[in-house]
file structure_17.tsv (TSV, C-alpha atoms)
chain	number	residue	atom	x	y	z
A	1	MET	CA	6.36	2.36	58.14
A	2	ASN	CA	3.22	0.30	58.67
A	3	LEU	CA	0.29	0.11	61.05
A	4	ALA	CA	-1.37	-3.31	61.21
A	5	TYR	CA	-4.95	-2.04	61.06
A	6	SER	CA	-7.63	-1.73	58.42
A	7	SER	CA	-8.84	1.82	59.16
A	8	ALA	CA	-8.09	5.14	60.82
A	9	ARG	CA	-10.80	4.37	63.36
A	10	GLU	CA	-9.17	1.11	64.42
A	11	ALA	CA	-5.71	2.67	64.68
A	12	ALA	CA	-7.05	5.59	66.74
A	13	ALA	CA	-8.79	3.22	69.15
A	14	GLU	CA	-5.59	1.23	69.67
A	15	LEU	CA	-3.51	4.37	70.22
A	16	LYS	CA	-5.95	5.49	72.91
A	17	LYS	CA	-6.04	2.07	74.56
A	18	ARG	CA	-2.28	1.56	74.68
A	19	TYR	CA	-0.73	5.02	74.87
A	20	PHE	CA	-3.27	7.82	75.34
A	21	PRO	CA	-5.97	6.62	77.78
A	22	GLY	CA	-6.82	10.18	78.80
A	23	LEU	CA	-7.78	11.28	75.28
A	24	HIS	CA	-11.10	10.87	73.46
A	25	VAL	CA	-11.53	9.18	70.07
A	26	LEU	CA	-13.71	11.38	67.87
A	27	PRO	CA	-14.93	10.94	64.27
A	28	TYR	CA	-15.12	13.83	61.82
A	29	ASN	CA	-18.71	12.92	61.03
A	30	ARG	CA	-20.48	11.81	64.20
A	31	PHE	CA	-23.67	11.24	62.19
A	32	ASN	CA	-21.98	8.77	59.84
A	33	VAL	CA	-19.22	7.18	61.87
A	34	GLU	CA	-18.66	4.23	59.55
A	35	SER	CA	-17.70	6.43	56.60
A	36	SER	CA	-15.62	8.93	58.58
A	37	THR	CA	-12.07	9.08	57.16
A	38	HIS	CA	-10.87	11.62	59.77
A	39	TRP	CA	-10.43	10.57	63.40
A	40	TRP	CA	-9.02	12.54	66.30
A	41	LEU	CA	-7.51	11.84	69.67
A	42	SER	CA	-8.73	14.89	71.57
A	43	PRO	CA	-8.44	16.23	75.13
A	44	THR	CA	-12.24	16.53	75.18
A	45	GLY	CA	-15.23	14.60	73.88
A	46	ASP	CA	-16.89	17.89	72.92
A	47	LYS	CA	-17.99	17.96	69.27
A	48	ALA	CA	-16.32	21.39	68.95
A	49	ALA	CA	-12.87	19.88	69.56
A	50	PHE	CA	-11.50	21.70	66.51
A	51	ARG	CA	-10.54	24.64	68.76
A	52	LEU	CA	-8.04	22.40	70.58
A	53	GLY	CA	-4.62	21.01	69.83
A	54	LYS	CA	-5.12	17.30	69.12
A	55	TYR	CA	-3.91	14.29	67.12
A	56	ILE	CA	-5.37	13.42	63.73
A	57	LEU	CA	-5.50	10.11	61.89
A	58	THR	CA	-6.84	10.34	58.36
A	59	THR	CA	-6.88	8.42	55.09
A	60	ASP	CA	-8.38	11.42	53.29
A	61	GLY	CA	-6.00	13.52	51.21
A	62	GLU	CA	-5.28	13.75	47.48
A	63	TRP	CA	-1.57	13.47	48.19
A	64	LEU	CA	-1.92	10.25	50.19
A	65	LYS	CA	-1.46	6.93	48.42
A	66	GLU	CA	-4.17	4.29	48.65
A	67	ARG	CA	-4.18	2.38	51.95
A	68	THR	CA	-2.11	5.08	53.62
A	69	LEU	CA	-2.86	6.79	56.93
A	70	PHE	CA	-1.53	10.20	57.96
A	71	CYS	CA	-1.00	10.49	61.70
A	72	GLY	CA	0.08	13.72	63.38
A	73	TRP	CA	-0.52	16.84	65.43
A	74	ASN	CA	-3.48	18.91	64.24
A	75	ILE	CA	-4.21	22.62	64.80
A	76	GLU	CA	-7.16	24.46	63.26
A	77	LYS	CA	-8.04	28.13	62.70
A	78	GLY	CA	-11.73	28.95	62.65
A	79	MET	CA	-13.72	31.73	61.07
A	80	ALA	CA	-13.24	35.31	62.27
A	81	HIS	CA	-16.88	36.27	61.70
A	82	ALA	CA	-20.33	34.81	62.17
A	83	GLY	CA	-22.04	33.45	59.08
A	84	SER	CA	-24.03	30.48	57.84
A	85	TRP	CA	-21.82	28.17	59.93
A	86	PRO	CA	-22.37	27.21	63.60
A	87	ALA	CA	-21.35	29.80	66.19
A	88	SER	CA	-18.82	27.29	67.55
A	89	ASN	CA	-16.89	27.62	64.25
A	90	VAL	CA	-16.12	31.27	64.99
A	91	MET	CA	-12.70	31.55	66.60
A	92	ASN	CA	-12.24	33.19	70.00
A	93	LYS	CA	-9.36	33.53	72.46
A	94	SER	CA	-9.77	29.93	73.68
A	95	TRP	CA	-8.57	28.45	70.38
A	96	HIS	CA	-5.19	26.72	70.45
A	97	TRP	CA	-4.35	28.41	67.15
A	98	HIS	CA	-3.32	31.53	69.10
A	99	ASP	CA	-0.73	29.48	71.03
A	100	PHE	CA	0.46	27.65	67.93
A	101	VAL	CA	1.35	30.56	65.63
A	102	PRO	CA	4.05	32.00	67.96
A	103	VAL	CA	5.92	28.64	68.13
A	104	THR	CA	6.04	27.89	64.40
A	105	ASN	CA	9.74	28.66	64.07
A	106	GLU	CA	12.45	27.29	66.38
A	107	PRO	CA	10.20	25.67	69.03
A	108	LEU	CA	8.36	23.75	66.31
A	109	VAL	CA	11.64	22.71	64.66
A	110	GLN	CA	12.73	21.21	67.99
A	111	MET	CA	9.46	19.31	68.42
A	112	ILE	CA	9.66	17.96	64.88
A	113	ALA	CA	13.26	16.85	65.43
A	114	GLU	CA	12.19	14.92	68.54
A	115	ALA	CA	9.27	13.36	66.66
A	116	ARG	CA	11.55	12.37	63.80
A	117	THR	CA	13.70	10.19	66.04
A	118	ALA	CA	10.67	7.99	66.73
A	119	VAL	CA	10.00	7.16	63.08
A	120	ASP	CA	13.53	7.64	61.67
A	121	ALA	CA	12.18	9.62	58.72
A	122	ASP	CA	11.40	13.21	57.82
A	123	LEU	CA	7.93	14.39	58.80
A	124	GLN	CA	5.36	16.06	56.57
A	125	LEU	CA	3.87	19.50	57.14
A	126	VAL	CA	0.37	19.87	55.67
A	127	VAL	CA	-1.68	23.06	55.45
A	128	CYS	CA	-5.25	23.09	54.11
A	129	ALA	CA	-7.39	26.20	53.58
A	130	ALA	CA	-10.89	26.86	52.30
A	131	VAL	CA	-13.75	29.32	52.40
A	132	PRO	CA	-16.91	27.36	53.31
A	133	GLY	CA	-18.43	26.14	50.07
A	134	GLY	CA	-15.37	27.19	48.07
A	135	GLN	CA	-12.49	25.35	46.45
A	136	SER	CA	-9.95	24.04	48.94
A	137	ALA	CA	-6.22	24.68	48.77
A	138	HIS	CA	-3.44	22.61	50.31
A	139	ILE	CA	0.32	22.34	50.52
A	140	VAL	CA	2.40	19.37	51.64
A	141	MET	CA	6.05	19.79	52.58
A	142	GLN	CA	8.74	17.47	53.82
A	143	VAL	CA	10.55	18.82	56.89
A	144	SER	CA	14.29	18.16	57.11
A	145	GLY	CA	15.73	20.02	60.08
A	146	SER	CA	14.58	23.56	59.44
A	147	ARG	CA	14.42	23.08	55.67
A	148	LEU	CA	11.21	22.50	53.71
A	149	LYS	CA	10.84	20.52	50.49
A	150	PRO	CA	7.58	20.79	48.48
A	151	LEU	CA	5.76	17.50	47.91
A	152	ALA	CA	2.30	18.59	46.72
A	153	TYR	CA	0.37	21.79	46.05
A	154	GLN	CA	-3.27	22.48	45.23
A	155	PRO	CA	-3.66	26.25	44.68
A	156	GLY	CA	-7.42	26.58	45.18
A	157	ASP	CA	-8.02	30.33	45.50
A	158	ASN	CA	-4.25	30.97	45.89
A	159	ILE	CA	-4.53	31.85	49.57
A	160	LEU	CA	-1.54	29.56	50.30
A	161	VAL	CA	0.65	30.63	47.38
A	162	ASN	CA	3.26	32.40	49.53
A	163	LEU	CA	3.35	29.59	52.07
A	164	ALA	CA	3.97	27.16	49.21
A	165	ARG	CA	7.07	29.13	48.20
A	166	THR	CA	8.76	28.95	51.59
A	167	ALA	CA	11.96	26.92	51.85
A	168	ASP	CA	12.53	26.88	55.61
A	169	MET	CA	10.61	27.05	58.87
A	170	ALA	CA	11.60	30.67	59.53
A	171	SER	CA	10.03	31.89	56.29
A	172	PHE	CA	7.07	29.54	56.78
A	173	SER	CA	6.48	31.09	60.20
A	174	ASP	CA	6.68	34.60	58.75
A	175	GLU	CA	4.16	33.82	56.00
A	176	LEU	CA	1.78	32.07	58.40
A	177	ARG	CA	1.80	35.15	60.63
A	178	LYS	CA	0.95	37.30	57.60
A	179	LEU	CA	-2.03	35.04	56.84
A	180	ASN	CA	-3.23	35.16	60.42
A	181	GLY	CA	-5.97	37.77	60.81
A	182	PRO	CA	-7.80	39.72	58.06
A	183	PRO	CA	-6.29	37.82	55.06
A	184	THR	CA	-7.92	34.57	56.25
A	185	ALA	CA	-10.91	36.00	58.12
A	186	TRP	CA	-13.24	33.92	55.92
A	187	HIS	CA	-10.94	30.89	55.56
A	188	TRP	CA	-10.72	27.78	57.70
A	189	LEU	CA	-7.08	26.73	58.10
A	190	ASP	CA	-5.98	23.24	59.07
A	191	VAL	CA	-2.33	22.51	59.93
A	192	ARG	CA	-1.06	18.95	60.37
A	193	ILE	CA	2.46	17.78	61.24
A	194	GLY	CA	3.23	14.08	61.21
A	195	GLN	CA	3.99	11.00	59.16
A	196	ALA	CA	2.23	8.81	56.62
A	197	PHE	CA	1.98	5.09	57.44
A	198	SER	CA	0.85	2.26	55.21
A	199	LEU	CA	-2.23	0.39	56.47
A	200	ASN	CA	-1.76	-3.36	56.18
A	201	PRO	CA	-3.31	-5.64	58.83
A	202	LYS	CA	-0.91	-8.42	57.81
A	203	GLY	CA	2.21	-6.25	57.96
A	204	PRO	CA	4.41	-5.21	60.90
A	205	ASN	CA	2.76	-3.05	63.52
A	206	GLN	CA	4.77	0.09	64.29
A	207	LEU	CA	2.14	1.66	66.52
A	208	GLU	CA	4.67	2.27	69.28
A	209	ALA	CA	6.82	4.38	66.95
A	210	CYS	CA	3.71	6.30	65.90
A	211	ALA	CA	2.82	6.97	69.54
A	212	LYS	CA	6.35	8.15	70.35
A	213	MET	CA	6.21	10.52	67.40
A	214	LEU	CA	2.91	11.97	68.62
A	215	LYS	CA	4.18	12.35	72.19
A	216	ALA	CA	6.80	14.82	70.96
A	217	PHE	CA	3.86	17.22	70.60
A	218	ALA	CA	2.08	16.12	73.79
A	219	ARG	CA	2.69	19.32	75.75
A	220	ARG	CA	0.83	21.19	72.99
A	221	VAL	CA	-2.20	18.89	73.02
A	222	HIS	CA	-4.51	20.37	75.62
A	223	SER	CA	-7.90	22.00	76.15
call {"tool": "encode", "arguments": {"input": "structure_17.tsv", "output": "structure tokens"}}
result
Amino acid sequence: MNLAYSSAREAAAELKKRYFPGLHVLPYNRFNVESSTHWWLSPTGDKAAFRLGKYILTTDGEWLKERTLFCGWNIEKGMAHAGSWPASNVMNKSWHWHDFVPVTNEPLVQMIAEARTAVDADLQLVVCAAVPGGQSAHIVMQVSGSRLKPLAYQPGDNILVNLARTADMASFSDELRKLNGPPTAWHWLDVRIGQAFSLNPKGPNQLEACAKMLKAFARRVHS
């Protein structure tokens, strides 16, 4: 599928204008907006929007082909302890992560199935993890019903090794719950569920399909 835009920023602005007027368009790097490859549609304009459920549009990812944009639902887990990072990076009870983990089995399968009908293709499940300043790890899986098919894996410090071995959403949910808490107290986790679109301003514009896919997760995108 294709989005007829030249950047994640442009696509995010059009999604807000046409389909999500109540959300805020935020760059990953507010000090260098032009070079930001991550953009969010967030319920708040607060710079600490990472605690919320939101939509992500990004061209950054080793597994993504050139001129490809990943668009999807984004949930983040912050640090469990204070450190050299801002206090706002330390997770508390207000973080959407706490609401997300309990729905990672059957409720999530149902949301993904609804999202799939919009794009007529299997979605991708992406998990990234890193200790600040350390080597990052990531897994990318294709979701087909409740089954998972591995597409890419970067082991990093091996924190995601058991997640990478899961073959269905039930086992994925079990392993994510095991990671939640002390095992990842010093790791930032980033979960994304969505679809990759080619970026070609001269190609067909399937922004409506993208928006319908995102709206399958709308009830989970809140402050």
call {"tool": "closest_residue", "arguments": {"input": "structure_17.tsv", "among": "A:Ala11, A:Val191, A:Val101, A:Val25", "to": "Lys47 (chain A)", "atoms": "all atoms listed in the file"}}
result
A:Val25
call {"tool": "atom_distance", "arguments": {"input": "structure_17.tsv", "atom1": "CA of Asp46 (chain A)", "atom2": "CA of Leu3 (chain A)"}}
result
27.4 Å
call {"tool": "closest_residue", "arguments": {"input": "structure_17.tsv", "among": "A:Ile193, A:Val221, A:Leu57, A:Ala185", "to": "Asp122 (chain A)", "atoms": "only C-alpha atoms"}}
result
A:Ile193
call {"tool": "atom_distance", "arguments": {"input": "structure_17.tsv", "atom1": "CA of Trp188 (chain A)", "atom2": "CA of Met79 (chain A)"}}
result
6.0 Å
call {"tool": "closest_atom_pairs", "arguments": {"input": "structure_17.tsv", "of": "region 192-223 of chain A", "to": "region 138-144 of chain A", "cutoff": "12 Å", "atoms": "all atoms listed in the file", "output": "tab-separated table"}}
result
residue	atom	partner	partner_atom	distance
A:Arg192	CA	A:Val140	CA	9.4
A:Ile193	CA	A:Val143	CA	9.2
A:Gly194	CA	A:Val143	CA	9.7
A:Gln195	CA	A:Gln142	CA	9.6
A:Ala196	CA	A:Gln142	CA	11.2
call {"tool": "closest_residue", "arguments": {"input": "structure_17.tsv", "among": "A:Cys128, A:Trp95, A:Gly203, A:Phe197", "to": "Leu163 (chain A)", "atoms": "all atoms listed in the file"}}
result
A:Cys128
call {"tool": "atom_distance", "arguments": {"input": "structure_17.tsv", "atom1": "CA of Glu106 (chain A)", "atom2": "CA of Asp168 (chain A)"}}
result
10.8 Å
call {"tool": "residues_around", "arguments": {"input": "structure_17.tsv", "residues": "Arg219 (chain A)", "least_positions_apart": "6", "cutoff": "12 Å", "atoms": "all atoms listed in the file", "output": "PyMOL selection string"}}
result
chain A and resi 43+53-55+73+99-100+107-108+111
call {"tool": "axis_aligned_box", "arguments": {"input": "structure_17.tsv", "around": "region 206-216 of chain A", "padding_each_side": "5 Å", "output": "AutoDock Vina command-line options"}}
result
--center_x 4.5 --center_y 7.5 --center_z 68.2 --size_x 14.7 --size_y 24.7 --size_z 17.9
call {"tool": "residues_around", "arguments": {"input": "structure_17.tsv", "residues": "region 35-38 of chain A", "least_positions_apart": "6", "cutoff": "10 Å", "atoms": "only C-alpha atoms", "output": "list of chain:residue names"}}
result
A:Ser7, A:Ala8, A:Arg9, A:Ala12, A:Leu26, A:Pro27, A:Tyr28, A:Asn29, A:Ile56, A:Leu57, A:Thr58, A:Thr59, A:Asp60, A:Gly61, A:Leu69, A:Phe70
call {"tool": "residues_around", "arguments": {"input": "structure_17.tsv", "residues": "Asn89 (chain A)", "least_positions_apart": "6", "cutoff": "10 Å", "atoms": "all atoms listed in the file", "output": "list in words"}}
result
Ala48, Phe50, Arg51, Lys77, Gly78, Met79, Ala80, His81, Ala82, Gly83 and Trp188 of chain A
call {"tool": "closest_residue", "arguments": {"input": "structure_17.tsv", "among": "A:Cys210, A:Leu176, A:Ala113, A:Ala167", "to": "Arg147 (chain A)", "atoms": "only C-alpha atoms"}}
result
A:Ala167
call {"tool": "closest_residue", "arguments": {"input": "structure_17.tsv", "among": "A:Ala115, A:Met169, A:Lys17, A:Ala152", "to": "Leu64 (chain A)", "atoms": "all atoms listed in the file"}}
result
A:Ala152
call {"tool": "residues_around", "arguments": {"input": "structure_17.tsv", "residues": "Asp120 (chain A)", "least_positions_apart": "6", "cutoff": "10 Å", "atoms": "only C-alpha atoms", "output": "ChimeraX atom specification"}}
result
/A:1,113,209,213
call {"tool": "write_last_selection", "arguments": {"input": "structure_17.tsv", "atoms": "C-alpha atoms", "output": "mmCIF file, keeping the file's coordinate frame"}}
result
data_model
loop_
_atom_site.group_PDB
_atom_site.id
_atom_site.type_symbol
_atom_site.label_atom_id
_atom_site.label_comp_id
_atom_site.auth_asym_id
_atom_site.auth_seq_id
_atom_site.Cartn_x
_atom_site.Cartn_y
_atom_site.Cartn_z
ATOM 1 C CA MET A 1 6.360 2.360 58.140
ATOM 2 C CA ALA A 113 13.260 16.850 65.430
ATOM 3 C CA ALA A 209 6.820 4.380 66.950
ATOM 4 C CA MET A 213 6.210 10.520 67.400
#
call {"tool": "decode", "arguments": {"input": "structure_17.tsv", "residues": "region 23-160 of chain A", "atoms": "C-alpha atoms", "output": "short mmCIF file (atom, residue, chain, number, x, y, z; two decimals), in the first residue's frame"}}
result
data_model
loop_
_atom_site.label_atom_id
_atom_site.label_comp_id
_atom_site.auth_asym_id
_atom_site.auth_seq_id
_atom_site.Cartn_x
_atom_site.Cartn_y
_atom_site.Cartn_z
CA LEU A 23 -5.00 14.70 18.23
CA HIS A 24 -1.67 16.57 18.31
CA VAL A 25 1.15 16.07 15.78
CA LEU A 26 4.43 15.71 17.68
CA PRO A 27 8.00 15.16 16.45
CA TYR A 28 10.43 12.85 18.24
CA ASN A 29 13.01 15.62 18.31
CA ARG A 30 11.30 18.95 18.96
CA PHE A 31 14.69 20.70 18.79
CA ASN A 32 15.38 19.43 15.26
CA VAL A 33 11.98 19.00 13.67
CA GLU A 34 13.24 18.83 10.10
CA SER A 35 15.35 15.73 10.73
CA SER A 36 12.82 13.93 12.95
CA THR A 37 11.98 10.51 11.48
CA HIS A 38 9.45 9.67 14.23
CA TRP A 39 6.12 11.50 14.40
CA TRP A 40 3.18 10.89 16.68
CA LEU A 41 -0.51 11.63 16.72
CA SER A 42 -1.03 12.06 20.46
CA PRO A 43 -3.95 12.90 22.76
CA THR A 44 -1.81 15.67 24.25
CA GLY A 45 0.73 18.21 23.05
CA ASP A 46 2.83 17.54 26.17
CA LYS A 47 6.43 16.64 25.34
CA ALA A 48 6.13 13.67 27.73
CA ALA A 49 3.51 12.01 25.51
CA PHE A 50 5.42 8.73 25.65
CA ARG A 51 3.36 7.71 28.71
CA LEU A 52 0.21 7.68 26.55
CA GLY A 53 -1.27 5.36 23.97
CA LYS A 54 -0.81 7.09 20.61
CA TYR A 55 -0.20 6.59 16.88
CA ILE A 56 3.30 6.52 15.43
CA LEU A 57 4.52 7.26 11.91
CA THR A 58 8.18 6.52 11.33
CA THR A 59 10.66 5.90 8.54
CA ASP A 60 13.31 4.84 11.06
CA GLY A 61 13.90 1.11 11.45
CA GLU A 62 16.55 -1.28 10.16
CA TRP A 63 13.84 -3.64 8.97
CA LEU A 64 12.05 -0.98 6.91
CA LYS A 65 12.87 -0.66 3.22
CA GLU A 66 13.92 2.70 1.83
CA ARG A 67 11.03 5.12 1.26
CA THR A 68 8.79 3.10 3.57
CA LEU A 69 6.70 4.43 6.44
CA PHE A 70 5.48 2.37 9.39
CA CYS A 71 2.16 3.58 10.75
CA GLY A 72 0.54 2.08 13.84
CA TRP A 73 -0.46 2.07 17.49
CA ASN A 74 2.42 2.83 19.86
CA ILE A 75 2.79 1.97 23.56
CA GLU A 76 5.92 2.66 25.60
CA LYS A 77 7.27 1.41 28.94
CA GLY A 78 9.50 3.82 30.82
CA MET A 79 12.23 3.34 33.38
CA ALA A 80 11.37 1.91 36.80
CA HIS A 81 14.00 3.97 38.61
CA ALA A 82 15.41 7.48 38.58
CA GLY A 83 18.76 7.96 36.87
CA SER A 84 20.57 10.23 34.45
CA TRP A 85 17.35 10.58 32.41
CA PRO A 86 14.56 13.14 32.99
CA ALA A 87 12.16 12.40 35.84
CA SER A 88 9.33 12.24 33.27
CA ASN A 89 10.97 9.09 31.83
CA VAL A 90 10.33 7.20 35.07
CA MET A 91 7.11 5.22 34.77
CA ASN A 92 4.26 5.72 37.24
CA LYS A 93 0.65 4.52 37.46
CA SER A 94 -0.50 7.03 34.82
CA TRP A 95 1.34 5.25 32.00
CA HIS A 96 -0.82 3.50 29.42
CA TRP A 97 1.58 0.55 29.53
CA HIS A 98 -0.25 -0.73 32.62
CA ASP A 99 -3.52 -0.87 30.65
CA PHE A 100 -1.86 -2.40 27.59
CA VAL A 101 -0.17 -5.46 29.10
CA PRO A 102 -3.44 -7.08 30.30
CA VAL A 103 -5.01 -6.90 26.80
CA THR A 104 -2.12 -8.38 24.83
CA ASN A 105 -3.86 -11.71 24.22
CA GLU A 106 -7.43 -12.07 22.93
CA PRO A 107 -8.50 -8.39 23.11
CA LEU A 108 -5.45 -7.39 21.07
CA VAL A 109 -6.07 -10.18 18.55
CA GLN A 110 -9.58 -8.78 18.01
CA MET A 111 -8.28 -5.23 17.52
CA ILE A 112 -5.65 -6.42 15.05
CA ALA A 113 -8.27 -8.40 13.11
CA GLU A 114 -10.41 -5.27 12.80
CA ALA A 115 -7.39 -3.21 11.71
CA ARG A 116 -6.46 -5.84 9.13
CA THR A 117 -9.75 -5.44 7.28
CA ALA A 118 -8.83 -1.82 6.53
CA VAL A 119 -5.56 -2.64 4.77
CA ASP A 120 -6.36 -6.19 3.60
CA ALA A 121 -2.97 -7.44 4.77
CA ASP A 122 -1.40 -8.89 7.89
CA LEU A 123 -0.10 -6.33 10.37
CA GLN A 124 3.36 -6.17 11.91
CA LEU A 125 4.12 -6.32 15.62
CA VAL A 126 7.34 -4.52 16.56
CA VAL A 127 9.03 -4.51 19.97
CA CYS A 128 12.16 -2.44 20.67
CA ALA A 129 14.14 -2.47 23.92
CA ALA A 130 17.24 -0.70 25.18
CA VAL A 131 19.05 0.41 28.30
CA PRO A 132 19.89 4.12 27.88
CA GLY A 133 23.27 4.32 26.18
CA GLY A 134 23.27 0.58 25.46
CA GLN A 135 22.77 -1.53 22.36
CA SER A 136 19.14 -1.71 21.25
CA ALA A 137 17.24 -4.91 20.57
CA HIS A 138 14.18 -5.37 18.37
CA ILE A 139 11.85 -8.01 17.01
CA VAL A 140 9.43 -7.72 14.11
CA MET A 141 6.64 -10.25 13.63
CA GLN A 142 3.84 -10.67 11.15
CA VAL A 143 0.46 -11.22 12.81
CA SER A 144 -1.91 -13.66 11.11
CA GLY A 145 -4.95 -14.21 13.31
CA SER A 146 -3.38 -15.24 16.60
CA ARG A 147 -0.27 -16.65 14.94
CA LEU A 148 3.09 -14.87 14.77
CA LYS A 149 5.72 -15.19 12.05
CA PRO A 150 9.23 -13.78 12.64
CA LEU A 151 10.36 -11.17 10.11
CA ALA A 152 13.41 -9.59 11.77
CA TYR A 153 15.40 -9.88 14.99
CA GLN A 154 18.21 -7.81 16.48
CA PRO A 155 19.30 -9.47 19.75
CA GLY A 156 21.07 -6.54 21.41
CA ASP A 157 21.55 -7.62 25.03
CA ASN A 158 19.17 -10.59 24.52
CA ILE A 159 16.42 -9.06 26.64
CA LEU A 160 13.88 -9.96 23.92
#
